[in-house]
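What follows is the content of work.txt (compact mmCIF, C-alpha atoms).
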# COMPACT_ATOMS: atom_id res chain seq x y z
CA MET A 1 0.00 0.00 0.00
CA ALA A 2 1.40 3.38 -1.02
CA LEU A 3 1.90 6.01 1.64
CA SER A 4 0.17 9.33 1.14
CA ALA A 5 1.54 12.83 1.62
CA THR A 6 1.16 14.47 5.04
CA PRO A 7 -0.48 17.91 5.01
CA TYR A 8 0.89 20.72 7.18
CA LYS A 9 -1.02 23.93 7.92
CA VAL A 10 1.38 26.87 7.81
CA ASP A 11 1.00 30.41 9.18
CA ILE A 12 3.97 32.71 8.65
CA ASN A 13 4.14 36.36 9.62
CA LEU A 14 6.88 37.52 7.23
CA THR A 15 8.87 40.69 7.76
CA ASP A 16 11.64 41.03 5.18
CA LEU A 17 13.39 44.29 6.06
CA ASP A 18 15.96 43.77 3.30
CA ARG A 19 13.32 43.82 0.53
CA GLY A 20 10.49 45.74 2.22
CA VAL A 21 8.11 42.77 2.25
CA TYR A 22 5.51 42.51 5.03
CA GLU A 23 3.02 39.67 4.60
CA THR A 24 0.88 37.28 6.58
CA LEU A 25 1.02 33.95 4.76
CA ARG A 26 -1.43 31.08 5.28
CA PHE A 27 -1.26 27.91 3.23
CA THR A 28 -1.16 24.14 3.35
CA VAL A 29 1.92 22.27 2.21
CA ALA A 30 2.25 18.54 1.63
CA ARG A 31 5.20 16.52 2.87
CA HIS A 32 6.02 13.66 0.51
CA PRO A 33 6.24 10.25 2.27
CA SER A 34 9.97 10.03 1.52
CA GLU A 35 10.70 13.66 2.45
CA THR A 36 12.54 14.36 5.70
CA GLU A 37 11.51 17.08 8.15
CA GLU A 38 14.76 18.88 7.29
CA ARG A 39 13.95 18.99 3.57
CA MET A 40 10.45 20.27 4.20
CA THR A 41 11.82 22.90 6.58
CA ALA A 42 14.35 23.90 3.90
CA ARG A 43 11.46 24.32 1.43
CA LEU A 44 9.66 26.58 3.90
CA LEU A 45 12.81 28.62 4.51
CA ALA A 46 13.31 28.98 0.75
CA TYR A 47 9.70 30.17 0.46
CA VAL A 48 10.40 32.82 3.10
CA LEU A 49 13.75 33.90 1.57
CA TRP A 50 12.44 34.32 -1.98
CA TYR A 51 8.79 35.07 -1.26
CA SER A 52 6.74 36.77 -3.95
CA GLU A 53 3.00 36.79 -4.55
CA THR A 54 3.36 34.35 -7.45
CA LEU A 55 5.77 31.90 -5.78
CA ALA A 56 4.28 28.40 -5.55
CA PHE A 57 5.35 24.98 -4.34
CA GLY A 58 6.18 22.47 -7.05
CA ARG A 59 5.61 18.75 -6.80
CA GLY A 60 9.33 18.34 -6.08
CA LEU A 61 10.00 14.73 -5.07
CA SER A 62 6.83 13.54 -6.83
CA ASP A 63 7.94 14.95 -10.18
CA VAL A 64 11.63 15.37 -11.03
CA ASP A 65 10.75 17.86 -13.78
CA GLU A 66 9.47 20.32 -11.19
CA PRO A 67 11.39 22.29 -8.56
CA ALA A 68 10.70 22.58 -4.86
CA LEU A 69 9.33 26.09 -5.57
CA TRP A 70 8.78 28.17 -8.68
CA GLU A 71 7.50 31.45 -9.93
CA LYS A 72 5.83 31.73 -13.32
CA SER A 73 4.78 34.77 -15.31
CA LEU A 74 1.20 35.27 -16.48
CA ASP A 75 2.21 34.07 -19.94
CA GLY A 76 3.68 30.82 -18.54
CA ARG A 77 7.39 31.69 -18.63
CA LEU A 78 9.40 30.22 -15.79
CA LEU A 79 10.84 33.22 -13.95
CA HIS A 80 12.37 31.61 -10.87
CA TRP A 81 13.22 27.96 -10.21
CA ILE A 82 14.12 27.15 -6.59
CA GLU A 83 15.75 23.88 -5.54
CA VAL A 84 16.65 22.64 -2.05
CA GLY A 85 19.27 20.06 -1.16
CA LEU A 86 22.48 19.09 -2.93
CA PRO A 87 21.75 18.51 -6.62
CA ASP A 88 24.53 17.54 -9.00
CA ALA A 89 25.97 19.93 -11.60
CA GLU A 90 23.97 18.30 -14.38
CA ARG A 91 20.68 19.01 -12.55
CA ILE A 92 21.62 22.65 -11.88
CA THR A 93 22.60 23.15 -15.53
CA TRP A 94 19.34 21.53 -16.67
CA CYS A 95 17.37 23.87 -14.39
CA SER A 96 19.28 26.95 -15.55
CA ARG A 97 18.19 26.30 -19.14
CA ARG A 98 14.51 26.26 -18.15
CA ALA A 99 14.22 29.39 -16.01
CA GLU A 100 15.36 32.99 -16.07
CA ARG A 101 16.72 32.61 -12.53
CA VAL A 102 17.68 29.54 -10.48
CA SER A 103 18.19 29.64 -6.73
CA LEU A 104 19.42 26.79 -4.62
CA LEU A 105 19.16 26.49 -0.86
CA ALA A 106 21.78 23.86 -0.08
CA TYR A 107 21.81 21.90 3.17
CA GLY A 108 23.52 18.77 4.44
CA ARG A 109 27.21 18.21 3.68
CA VAL A 110 27.50 21.52 1.85
CA ASP A 111 31.28 21.67 2.37
CA LEU A 112 31.89 18.47 0.38
CA TRP A 113 29.25 19.27 -2.24
CA GLU A 114 30.53 22.81 -2.75
CA SER A 115 34.03 21.77 -3.80
CA LYS A 116 32.72 19.16 -6.25
CA VAL A 117 29.75 20.92 -7.85
CA LEU A 118 30.10 24.71 -7.63
CA PRO A 119 33.13 25.04 -9.93
CA SER A 120 31.11 23.29 -12.66
CA VAL A 121 28.19 25.72 -12.45
CA ALA A 122 29.94 28.98 -11.51
CA SER A 123 29.79 30.21 -15.12
CA LEU A 124 25.98 29.95 -15.22
CA LYS A 125 25.01 33.60 -14.72
CA ASN A 126 21.42 32.91 -13.63
CA VAL A 127 22.32 30.53 -10.78
CA HIS A 128 22.39 31.70 -7.13
CA VAL A 129 23.40 29.36 -4.29
CA ALA A 130 23.07 29.73 -0.52
CA GLY A 131 24.13 27.18 2.07
CA LEU A 132 22.15 26.62 5.27
CA PRO A 133 23.98 25.93 8.52
CA GLN A 134 23.09 22.30 9.27
CA GLU A 135 22.80 22.72 13.03
CA ALA A 136 20.30 25.61 12.78
CA LEU A 137 18.21 23.75 10.20
CA ALA A 138 18.14 20.60 12.34
CA THR A 139 16.99 22.60 15.38
CA ILE A 140 14.04 24.17 13.55
CA ALA A 141 13.10 20.92 11.79
CA LYS A 142 13.14 18.78 14.95
CA ASP A 143 9.63 17.64 15.87
CA LEU A 144 8.03 19.90 13.27
CA PRO A 145 4.36 20.28 14.26
CA ARG A 146 1.55 19.69 11.77
CA ALA A 147 0.36 23.26 12.45
CA ILE A 148 3.39 25.47 11.83
CA ASN A 149 3.22 29.00 13.20
CA TRP A 150 6.28 31.14 12.49
CA ALA A 151 7.21 34.75 12.78
CA ALA A 152 9.96 35.18 10.20
CA MET A 153 12.14 38.26 9.95
CA ILE A 154 14.96 38.86 7.48
CA SER A 155 17.41 41.61 8.31
CA GLU A 156 20.86 42.24 6.83
CA GLY A 157 20.93 38.77 5.29
CA SER A 158 20.06 36.90 8.50
CA LEU A 159 16.82 35.01 8.94
CA PHE A 160 15.16 34.94 12.35
CA ILE A 161 12.44 32.34 12.91
CA THR A 162 10.32 32.46 16.04
CA ASP A 163 8.24 29.35 16.72
CA GLU A 164 6.83 27.57 19.78
CA ASN A 165 10.39 26.53 20.75
CA GLY A 166 11.84 30.05 20.78
CA GLN A 167 13.84 32.17 18.36
CA HIS A 168 16.33 30.72 15.88
CA GLU A 169 18.85 32.68 13.85
CA ILE A 170 19.94 31.36 10.48
CA THR A 171 22.48 33.16 8.38
CA PRO A 172 22.69 31.57 4.94
CA GLN A 173 26.18 31.53 3.47
CA TRP A 174 26.08 32.82 -0.10
CA LEU A 175 28.26 30.48 -2.10
CA LEU A 176 27.42 31.80 -5.57
CA ARG A 177 26.05 35.31 -6.08
CA ASP A 178 23.42 36.58 -3.64
CA ARG A 179 19.70 36.64 -3.02
Can you present the structure in this file as structure tokens?
Amino acid sequence: MALSATPYKVDINLTDLDRGVYETLRFTVARHPSETEERMTARLLAYVLWYSETLAFGRGLSDVDEPALWEKSLDGRLLHWIEVGLPDAERITWCSRRAERVSLLAYGRVDLWESKVLPSVASLKNVHVAGLPQEALATIAKDLPRAINWAAMISEGSLFITDENGQHEITPQWLLRDR
């Protein structure tokens, strides 16, 4: 019997001082049966970092031809493709040919991945890569409730998440270009 996706109700009060974005976001997001809490948390953090009114969750793990998040224009052009994790250089290159801008929120063994993959994609002008500190991500992802309620503030490149466990500071390390 196939496992079904787990729905999460999400409320985020977003204050992005760097871009002048102030929004209250309410949505439901599905966690694929094979998706870890860390990956889903990384998707939510990517949503916060690159939020726009037209940003939407892709099918991600359910469909390899879709990103974790994407933004499309009204005429169907792919404006922004957002991946999470540690994709190989071939995947990043493939994505860069399909969208005007590609952003990657890397987590896990970023230090090993960075030395192997980034040199191969550094010449792709539309690719932006940020690495998440693993310890901070693990702290936020631990025991992720089914009803997520965050206050998220971005200031001077740092992301502050306040949840039922307190306040967490995450400063993404920009490995290739910036936000």
Show me, as number ranges by chain, the residues that have an atom within 12 Å of Thr15 (chain A) when counting only C-alpha atoms, minus same-chain residues fewer than 3 positions from it. A: 12, 18-25, 48-49, 51, 150-155, 158-162
Nearby residues (all atoms listed in the file) at most 7 Å from region 123-133 of chain A, same-chain spacing under 5 positions excluded, as a PyMOL selection string: chain A and resi 96+100-107+110+172-179
d(CA of Phe57 (chain A), CA of Glu37 (chain A)) in Å: 16.0 Å
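From CA of Leu44 (chain A) back to CA of Arg31 (chain A), the distance works out to 11.1 Å.
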In Å, with one decimal, what is the gap from CA of Lys9 (chain A) to CA of Gly157 (chain A)? 26.6 Å
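Minimum atom-to-atom distances from A:Glu66, A:Asp143, A:Glu135, A:Glu38 to Glu169 (chain A) were compared using only C-alpha atoms, and the lowest value belongs to A:Glu135.
Within 12 Å of Lys116 (chain A), once all atoms listed in the file are used and residues closer than 4 positions along the same chain are dropped, the contacting residues are Leu86, Pro87, Asp88, Ala89, Glu90, Arg109, Val110, Asp111, Leu112, Ser120, Val121 and Ala122 of chain A.
Minimum distance to Arg98 (chain A) across A:Ser34, A:Asp75, A:Pro67, A:Gly85 (counting all atoms listed in the file) occurs at A:Pro67.
Proximity to Ala147 (chain A) was assessed for A:Thr36, A:Ser115, A:Thr28, A:Asn13 counting all atoms listed in the file; the smallest distance is recorded for A:Thr28.
The environment of Glu35 (chain A) within 12 Å, counting all atoms listed in the file and disregarding residues fewer than 5 places along the same chain, consists of Leu3, Ser4, Ala5, Thr6, Ala30, Met40, Thr41, Ala42, Arg43, Arg59, Gly60, Leu61, Ser62, Ala68, Val84 and Gly85 of chain A.
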Filtering to C-alpha atoms, could you give me those residues as a compact mmCIF listing (two decimals), in the coordinates of the input?
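Heads up, here's the output in part-v5.txt:
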# COMPACT_ATOMS: atom_id res chain seq x y z
CA LEU A 3 1.90 6.01 1.64
CA SER A 4 0.17 9.33 1.14
CA ALA A 5 1.54 12.83 1.62
CA THR A 6 1.16 14.47 5.04
CA ALA A 30 2.25 18.54 1.63
CA MET A 40 10.45 20.27 4.20
CA THR A 41 11.82 22.90 6.58
CA ALA A 42 14.35 23.90 3.90
CA ARG A 43 11.46 24.32 1.43
CA ARG A 59 5.61 18.75 -6.80
CA GLY A 60 9.33 18.34 -6.08
CA LEU A 61 10.00 14.73 -5.07
CA SER A 62 6.83 13.54 -6.83
CA ALA A 68 10.70 22.58 -4.86
CA VAL A 84 16.65 22.64 -2.05
CA GLY A 85 19.27 20.06 -1.16
